[in-house]
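*Asks:* This is the structure I have questions about; it appears just below.
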Number of protein chains: 2
Amino acid sequence: MLRLSGQTAHPAARYSHTSLKFRKGEIIYAQGDPATDWYQVESGTVRTCFLYRDGHRQLTGFYYSGDVFGIDAETYRSSAEAVTAVTLTRCSKSMGSAIASNQIPEASSLLQSALNHAQSCISLLGRRTANERVAAFLLATAWRIGGSDSLNLPMTRADIADHLGLTIHTVSRTLSELARREIIGLNGPQSITIRNPHLLRLLADGEGRDTSYEQIDRIGALAMAPATALGR
Amino acid sequence: MLRLSGQTAHPAARYSHTSLKFRKGEIIYAQGDPATDWYQVESGTVRTCFLYRDGHRQLTGFYYSGDVFGIDAETYRSSAEAVTAVTLTRCSKSMGSAIASNQIPEASSLLQSALNHAQSCISLLGRRTANERVAAFLLATAWRIGGSDSLNLPMTRADIADHLGLTIHTVSRTLSELARREIIGLNGPQSITIRNPHLLRLLADGEGRDTSYEQIDRIGALAMAPATALGR
DNA sequence: CGACAGGTTGAGTGAGCTCAAGTCGGGTGG
DNA sequence: CCACCCGACTTGAGCTCACTCAACCTGTCG
């Protein structure tokens with residue numbers, strides 16, 4: 001969510017770093033492996049997955065260009081996998097010491113970044129309905145990578161579902177419903193445009209709980225009106 | 001979950017610290033306040049709450065004697081409240097600098113502790129059913145404070161519910177059901193004994209999903225048998 | 001062209017929510 | 001000492017939203 005320390009920071013650059021490439025779907029490290037390295041994304045998208053004993057998984061985060069992941073104490077609590085083809089910079093922790101003992105100058109920044117990611121994940125999972133979770137996820141993702149209203153979701157529906165604690169069916173249905181109400185646009189499964197950010201924000205914040213679709217759409221239209229009038 | 005750095009460590013002891021008392025229910029700091037201090041629990045229990053725009057809350061953690069909380073970057077992302085009467089040690093961050101710039105030696109340890117708490121929270125919310133969440137919560141709490149099989153839950157059902165993303169009704173029903181099956185014992189709402197930790201672990205790990213109660217109870221009985229035979 | 005992965009959509013079910021009533025224990029005031 | 005209240009908890013009944021099961025569509029790759 002939060003960039004590490006501004007646009008230009010490259011914390012990985014200061015250490016013995018190795019550039020690596022992974023193909024789509026490849027595993028970068030596995031849950032339980034000794035946490036010897038941390039990584040920074042150069043290009044592409046990475047997901048971290050926590051696997052439960054019964055086989056189902058909880059995606060704890062998506063990492064885009066500039067993001068840092070793999071900041072764990074002893075062993076990795078989540079595995080990391082390439083969502084798309086990725087290039088990474090790998091940084092060995094062992095050259096200084098464990099990251100927990102702060103012999104690495106940016107240790108605090110890296111941990112802070114990891115903590116922010118975890119809190120964002122909690123913020124999504126704490127929401128109550130599928131609408132709220134999907135809406136909040138779209139806004140968070142748009143804010144992180146899109147910048148503008150059009151965004152390309154690199155991950156599959158299954159990834160989104162396992163991130164939000166839903167099924168792919170519910171995610172798909174919810175997105176279709178949002179598109180039907182013209183809150184978002186769907187140009188193919190991966191390409192999404194946010195048409196009504198204001199209304200999406202209301203949905204994410206739970207304003208649609210005991211309110212009918214017609215009511216919330218009216219509220220959204222009212223909220224949009226000044227912005228639209230101002231914008232053109 | 002994880003103690004900061006062993007039983008005897010008192011990271012708060014090394015700084016300008018102030019001892020504070022709060023009564024049950026009192027607010028220690030509010031969400032959005034500038035994060036100027038962090039705290040260590042001397043006695044009692046503290047909860048941290050993330051409030052959503054619609055008024056519902058997500059408890060992001062419970063903190064017991066020895067635990068540290070309030071490790072945020074700029075402003076507190078959650079409020080902190082006294083679950084019981086508590087005594088705390090408050091430590092000012094401003095004496096060095098912001099915690100993110102690692103001028104405070106234990107900054108990394110504190111952040112690591114906060115990260116562990118966040119990951120435990122995700123691990124609970126990532127579970128699928130009420131049974132799994134409640135079982136996992138009981139085990140985590142017992143491991144943290146109980147030590148033995150008997151534990152005193154300092155928080156209310158509402159606190160548990162808002163921590164697990166359930167309602168108080170579902171929490172209450174689930175606990176009653178666990179008691180009815182003699183997996184736990186209930187001596188009053190706050191006092192719980194774990195009678196069958198093995199079976200509780202199976203439930204927490206989702207082994208009861210597509211299995212009937214009778215089947216899982218039988219599995220649990222089998223799993224218990226050797227341990228019982230060995231133990232006495 | 002077939003195989004397959006990813007995605008969408010429908011129908012029916014069920015776990016957990018909502019609404020509602022009732023219990024229990026502790027505190028307070030008459 | 002008892003009546004009363006209040007907050008916390010429990011439990012029942014019904015409903016709803018998300019899951020399950022299933023079918024089908026689409027694009028891609030060999």
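Chain labels follow the order of the structure tokens: the first chain is A, the next B, and so on; residue numbering restarts at 1 in every chain, and ligands are counted from 1 in their shown order.
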I'd like the neighbourhood of Arg181 of chain A as JSON, numbers by chain, where a residue qualifies if any of its atoms comes within 12 Å (using only C-alpha atoms (C1' of nucleotides)), though same-chain residues fewer than 2 positions away should be ignored.

*Replies:* {"A": [174, 175, 176, 177, 178, 179, 183, 184, 185, 186, 194, 195, 196, 199, 200, 213, 214, 216, 217, 218, 220, 221]}

*Asks:* Export N, CA and C atoms of the chosen residues as a short mmCIF file (atom, residue, chain, number, x, y, z; two decimals), in the first residue's frame?

*Replies:*
data_model
loop_
_atom_site.label_atom_id
_atom_site.label_comp_id
_atom_site.auth_asym_id
_atom_site.auth_seq_id
_atom_site.Cartn_x
_atom_site.Cartn_y
_atom_site.Cartn_z
N THR A 174 -20.05 -10.55 -8.08
CA THR A 174 -20.01 -9.20 -7.53
C THR A 174 -19.48 -8.22 -8.57
N LEU A 175 -18.44 -8.62 -9.30
CA LEU A 175 -17.89 -7.74 -10.34
C LEU A 175 -18.92 -7.53 -11.45
N SER A 176 -19.59 -8.62 -11.84
CA SER A 176 -20.62 -8.50 -12.88
C SER A 176 -21.71 -7.54 -12.45
N GLU A 177 -22.11 -7.66 -11.18
CA GLU A 177 -23.16 -6.79 -10.64
C GLU A 177 -22.72 -5.32 -10.65
N LEU A 178 -21.46 -5.09 -10.27
CA LEU A 178 -20.93 -3.72 -10.27
C LEU A 178 -20.90 -3.16 -11.69
N ALA A 179 -20.58 -4.04 -12.65
CA ALA A 179 -20.54 -3.61 -14.05
C ALA A 179 -21.97 -3.33 -14.55
N ILE A 183 -20.99 0.91 -12.19
CA ILE A 183 -20.05 1.49 -11.23
C ILE A 183 -18.63 1.22 -11.71
N ILE A 184 -18.46 0.08 -12.34
CA ILE A 184 -17.19 -0.22 -13.00
C ILE A 184 -17.48 -0.65 -14.43
N GLY A 185 -16.44 -0.69 -15.26
CA GLY A 185 -16.55 -1.25 -16.59
C GLY A 185 -15.64 -2.45 -16.72
N LEU A 186 -16.09 -3.46 -17.46
CA LEU A 186 -15.29 -4.67 -17.64
C LEU A 186 -14.97 -4.85 -19.12
N ILE A 194 -12.84 2.08 -13.42
CA ILE A 194 -13.70 2.54 -12.33
C ILE A 194 -14.47 3.75 -12.80
N ARG A 195 -15.77 3.57 -12.98
CA ARG A 195 -16.58 4.64 -13.56
C ARG A 195 -17.14 5.57 -12.51
N ASN A 196 -17.38 5.02 -11.32
CA ASN A 196 -17.99 5.83 -10.26
C ASN A 196 -17.26 5.58 -8.94
N LEU A 199 -19.21 6.20 -5.59
CA LEU A 199 -20.17 5.16 -5.21
C LEU A 199 -19.44 3.90 -4.76
N LEU A 200 -18.34 3.60 -5.42
CA LEU A 200 -17.54 2.43 -5.04
C LEU A 200 -17.02 2.61 -3.61
N TYR A 213 -30.45 -1.05 -3.51
CA TYR A 213 -29.60 -0.66 -4.62
C TYR A 213 -30.05 0.68 -5.19
N GLU A 214 -31.37 0.84 -5.32
CA GLU A 214 -31.89 2.08 -5.91
C GLU A 214 -31.50 3.27 -5.03
N ILE A 216 -28.98 3.54 -2.83
CA ILE A 216 -27.54 3.81 -2.82
C ILE A 216 -27.11 4.41 -4.16
N ASP A 217 -27.75 3.96 -5.25
CA ASP A 217 -27.41 4.51 -6.56
C ASP A 217 -27.79 5.98 -6.61
N ARG A 218 -28.92 6.31 -5.96
CA ARG A 218 -29.34 7.71 -5.94
C ARG A 218 -28.35 8.55 -5.13
N GLY A 220 -25.28 7.86 -4.63
CA GLY A 220 -24.06 7.94 -5.43
C GLY A 220 -24.18 8.99 -6.52
N ALA A 221 -25.35 9.05 -7.15
CA ALA A 221 -25.57 10.02 -8.22
C ALA A 221 -25.46 11.43 -7.68
#

*Asks:* Residues of chain D within 10 Å of chain A, counting only C-alpha atoms (C1' of nucleotides), what are they? List them as a PyMOL selection string.

*Replies:* chain D and resi 17-19

*Asks:* Next, write the just-selected residues to a file, as a compact mmCIF listing (two decimals), in the first residue's frame, keeping all heavy atoms as the atom set.

*Replies:*
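Everything below was put into out.txt:
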# COMPACT_ATOMS: atom_id res chain seq x y z
P DC D 17 -29.32 -10.47 1.38
OP1 DC D 17 -29.61 -9.11 1.80
OP2 DC D 17 -29.88 -11.03 0.12
O5' DC D 17 -27.74 -10.66 1.35
C5' DC D 17 -27.05 -10.74 2.59
C4' DC D 17 -25.98 -11.83 2.50
O4' DC D 17 -26.59 -13.14 2.56
C3' DC D 17 -25.16 -11.80 1.23
O3' DC D 17 -23.81 -11.98 1.63
C2' DC D 17 -25.68 -12.98 0.42
C1' DC D 17 -26.09 -13.95 1.51
N1 DC D 17 -27.19 -14.90 1.17
C2 DC D 17 -27.19 -16.19 1.73
O2 DC D 17 -26.26 -16.53 2.48
N3 DC D 17 -28.21 -17.03 1.44
C4 DC D 17 -29.20 -16.65 0.65
N4 DC D 17 -30.19 -17.51 0.40
C5 DC D 17 -29.23 -15.34 0.06
C6 DC D 17 -28.21 -14.51 0.35
P DA D 18 -22.61 -11.53 0.64
OP1 DA D 18 -21.75 -10.60 1.38
OP2 DA D 18 -23.18 -11.16 -0.67
O5' DA D 18 -21.81 -12.90 0.46
C5' DA D 18 -21.29 -13.54 1.61
C4' DA D 18 -21.20 -15.03 1.37
O4' DA D 18 -22.52 -15.57 1.12
C3' DA D 18 -20.33 -15.46 0.20
O3' DA D 18 -19.48 -16.48 0.66
C2' DA D 18 -21.34 -15.96 -0.83
C1' DA D 18 -22.42 -16.52 0.07
N9 DA D 18 -23.74 -16.66 -0.55
C8 DA D 18 -24.39 -15.76 -1.33
N7 DA D 18 -25.57 -16.16 -1.75
C5 DA D 18 -25.71 -17.42 -1.18
C6 DA D 18 -26.74 -18.36 -1.23
N6 DA D 18 -27.88 -18.19 -1.91
N1 DA D 18 -26.55 -19.53 -0.55
C2 DA D 18 -25.42 -19.70 0.11
N3 DA D 18 -24.37 -18.87 0.24
C4 DA D 18 -24.58 -17.74 -0.44
P DC D 19 -18.33 -17.12 -0.24
OP1 DC D 19 -17.08 -17.02 0.52
OP2 DC D 19 -18.43 -16.59 -1.61
O5' DC D 19 -18.77 -18.67 -0.24
C5' DC D 19 -18.94 -19.33 1.01
C4' DC D 19 -19.60 -20.67 0.79
O4' DC D 19 -20.95 -20.48 0.31
C3' DC D 19 -18.88 -21.56 -0.23
O3' DC D 19 -18.65 -22.85 0.32
C2' DC D 19 -19.84 -21.61 -1.42
C1' DC D 19 -21.18 -21.33 -0.80
N1 DC D 19 -22.11 -20.61 -1.73
C2 DC D 19 -23.34 -21.18 -2.06
O2 DC D 19 -23.65 -22.28 -1.59
N3 DC D 19 -24.18 -20.52 -2.91
C4 DC D 19 -23.81 -19.32 -3.40
N4 DC D 19 -24.67 -18.70 -4.22
C5 DC D 19 -22.57 -18.72 -3.06
C6 DC D 19 -21.75 -19.39 -2.23

*Asks:* At a cut-off of 6 Å, can you tabulate as a Markdown table every residue of chain A near chain B together with its closest atom pair and the distance in Å to one decimal, using only C-alpha atoms and ordering rows by chain then number?

*Replies:*
| residue | atom | partner | partner_atom | distance |
| --- | --- | --- | --- | --- |
| A:Arg53 | CA | B:Asp205 | CA | 5.7 |
| A:Asp54 | CA | B:Gly206 | CA | 5.7 |
| A:Gln58 | CA | B:Gly126 | CA | 5.9 |
| A:Ala100 | CA | B:Ser108 | CA | 5.5 |
| A:Asn102 | CA | B:Ser108 | CA | 6.0 |
| A:Ser108 | CA | B:Ser108 | CA | 5.4 |
| A:Ser109 | CA | B:Ala100 | CA | 5.7 |
| A:Leu115 | CA | B:Leu115 | CA | 5.3 |
| A:Ile122 | CA | B:Ile122 | CA | 5.9 |
| A:Gly126 | CA | B:Gln58 | CA | 5.9 |
| A:Asp205 | CA | B:Arg53 | CA | 5.7 |
| A:Gly206 | CA | B:Asp54 | CA | 5.8 |

*Asks:* Within 10 Å of chain B, which residues of chain C are there when counting only C-alpha atoms (C1' of nucleotides)? Please give them as a ChimeraX atom specification.

*Replies:* /C:15-17

*Asks:* Take the selection from the previous step and output its residues with C-alpha atoms (C1' of nucleotides), as a PDB file, in the first residue's frame.

*Replies:*
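Just written: part.pdb:
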ATOM      1  C1'  DA C  15     -23.967 -21.402   7.818  1.00  0.00           C
ATOM      2  C1'  DG C  16     -24.224 -17.387  10.063  1.00  0.00           C
ATOM      3  C1'  DC C  17     -26.941 -13.084  10.545  1.00  0.00           C
TER       4       DC C  17
END

*Asks:* Between A:Gln215, A:Gln31, A:Ser120, A:Gln40, which one has atoms that come closest to Thr89 of chain A, using only C-alpha atoms?

*Replies:*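 The closest residue to Thr89 of chain A is A:Gln40.
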
*Asks:* Chain A: which residues are strand (DSSP E) by DSSP, as a ChimeraX atom specification?

*Replies:* /A:17-22,27-29,37-43,46-51,57-63,68-69,79-82,86-92,150-152,184-186,191-194

*Asks:* What's the 10 Å shell around DT10 of chain D, counting only C-alpha atoms (C1' of nucleotides), without same-chain residues fewer than 4 positions away, as a VMD selection string?

*Replies:* (chain B and resid 169 172 to 173 176) or (chain C and resid 22 to 24)

*Asks:* Find the spatial neighbours of Thr45 of chain A, counting only C-alpha atoms (C1' of nucleotides), within a cut-off of 10 Å - ignore same-chain residues fewer than 4 positions away - and output them as an mmCIF file with C-alpha atoms, in the first residue's frame.

*Replies:*
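Saved the output as around02.cif:
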data_model
loop_
_atom_site.group_PDB
_atom_site.id
_atom_site.type_symbol
_atom_site.label_atom_id
_atom_site.label_comp_id
_atom_site.auth_asym_id
_atom_site.auth_seq_id
_atom_site.Cartn_x
_atom_site.Cartn_y
_atom_site.Cartn_z
ATOM 1 C CA LYS A 24 4.220 -16.849 -14.269
ATOM 2 C CA VAL A 41 9.875 -6.233 -7.293
ATOM 3 C CA PHE A 62 0.045 -8.551 -3.829
ATOM 4 C CA TYR A 63 3.345 -6.852 -4.567
ATOM 5 C CA TYR A 64 3.951 -4.572 -7.525
ATOM 6 C CA SER A 65 6.918 -2.735 -8.953
ATOM 7 C CA ASP A 67 7.303 -3.199 -3.371
ATOM 8 C CA GLU A 81 4.732 -16.866 -6.094
ATOM 9 C CA ALA A 82 4.920 -15.043 -9.396
ATOM 10 C CA VAL A 83 1.480 -13.855 -10.513
ATOM 11 C CA THR A 84 2.922 -12.698 -13.823
ATOM 12 C CA ALA A 85 6.418 -12.981 -15.192
ATOM 13 C CA VAL A 86 8.522 -10.987 -12.747
ATOM 14 C CA THR A 87 12.009 -9.619 -12.321
ATOM 15 C CA LEU A 88 13.170 -9.276 -8.752
ATOM 16 C CA LEU A 153 -5.754 -6.674 -12.751
ATOM 17 C CA PRO A 154 -2.817 -9.051 -13.196
ATOM 18 C CA MET A 155 -4.225 -11.738 -10.910
#

*Asks:* Taking 2 positions as the minimum chain separation for residues in the same chain, which residues sit within 10 Å of DA21 of chain C when counting only C-alpha atoms (C1' of nucleotides)? Answer as number ranges by chain.

*Replies:* C: 19, 23; D: 11-12

*Asks:* Rank A:Trp38, A:Val171, A:Leu222, A:Ser191 by their smallest atom-to-atom distance to Gly146 of chain A, using only C-alpha atoms, and report the top residue only.

*Replies:*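 Ranking A:Trp38, A:Val171, A:Leu222, A:Ser191 by distance to Gly146 of chain A, first place goes to A:Ser191.
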
*Asks:* Can you work out the spacing between atom C1' of DC21 of chain D and atom CA of Ile168 of chain A in Å, to one decimal?

*Replies:* 13.8 Å

*Asks:* For a test of reading the model, state the distance in Å between atom CA of Asn187 of chain B and atom CA of Val46 of chain B, rounded to one decimal.

*Replies:*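 Distance between the two atoms: 23.2 Å.
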
*Asks:* For atom CA of Cys49 of chain A and atom CA of Leu124 of chain A, quote the distance in Å rounded to one decimal.

*Replies:* 15.5 Å

*Asks:* Would you kindly return, as number ranges by chain, each protein, DNA or RNA residue with an atom no farther than 12 Å from any atom of DG25 of chain C, considering only C-alpha atoms (C1' of nucleotides) and excluding same-chain residues fewer than 4 positions away?

*Replies:* B: 188-189; D: 5-9

*Asks:* Based on the selection just made, write N, CA, C and O atoms (P, O5', C5', C4', C3', O3' and C1' of nucleotides) of those residues as a CSV table (one decimal), in the first residue's frame.

*Replies:*
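The new file out_20.csv reads:
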chain,number,residue,atom,x,y,z
B,188,GLY,N,-19.0,-20.7,33.9
B,188,GLY,CA,-19.2,-19.3,33.7
B,188,GLY,C,-18.7,-18.8,32.4
B,188,GLY,O,-17.8,-19.5,31.8
B,189,PRO,N,-19.1,-17.7,31.9
B,189,PRO,CA,-18.8,-17.2,30.6
B,189,PRO,C,-17.3,-17.0,30.4
B,189,PRO,O,-16.8,-17.2,29.3
D,5,DC,P,-37.4,-1.7,37.0
D,5,DC,O5',-35.8,-1.5,36.7
D,5,DC,C5',-35.1,-0.6,37.4
D,5,DC,C4',-33.6,-0.7,37.1
D,5,DC,C3',-33.4,-0.9,35.6
D,5,DC,O3',-32.4,0.0,35.1
D,5,DC,C1',-32.3,-2.6,36.8
D,6,DC,P,-32.3,0.5,33.6
D,6,DC,O5',-30.8,0.0,33.2
D,6,DC,C5',-29.7,0.1,34.2
D,6,DC,C4',-28.7,-1.0,33.9
D,6,DC,C3',-28.6,-1.3,32.4
D,6,DC,O3',-27.3,-1.0,32.0
D,6,DC,C1',-28.8,-3.3,33.6
D,7,DG,P,-26.9,-0.9,30.4
D,7,DG,O5',-25.6,-1.9,30.3
D,7,DG,C5',-24.7,-2.0,31.4
D,7,DG,C4',-24.1,-3.4,31.4
D,7,DG,C3',-23.7,-3.9,30.0
D,7,DG,O3',-22.4,-4.4,30.1
D,7,DG,C1',-25.2,-5.4,31.0
D,8,DA,P,-21.6,-5.0,28.8
D,8,DA,O5',-21.8,-6.6,29.0
D,8,DA,C5',-21.3,-7.2,30.1
D,8,DA,C4',-21.6,-8.6,30.1
D,8,DA,C3',-21.4,-9.3,28.8
D,8,DA,O3',-20.6,-10.5,29.1
D,8,DA,C1',-23.6,-9.8,29.5
D,9,DC,P,-20.1,-11.4,27.8
D,9,DC,O5',-21.2,-12.6,27.8
D,9,DC,C5',-21.5,-13.3,29.0
D,9,DC,C4',-22.8,-14.1,28.7
D,9,DC,C3',-22.7,-15.0,27.5
D,9,DC,O3',-22.6,-16.4,27.9
D,9,DC,C1',-24.9,-14.0,27.8
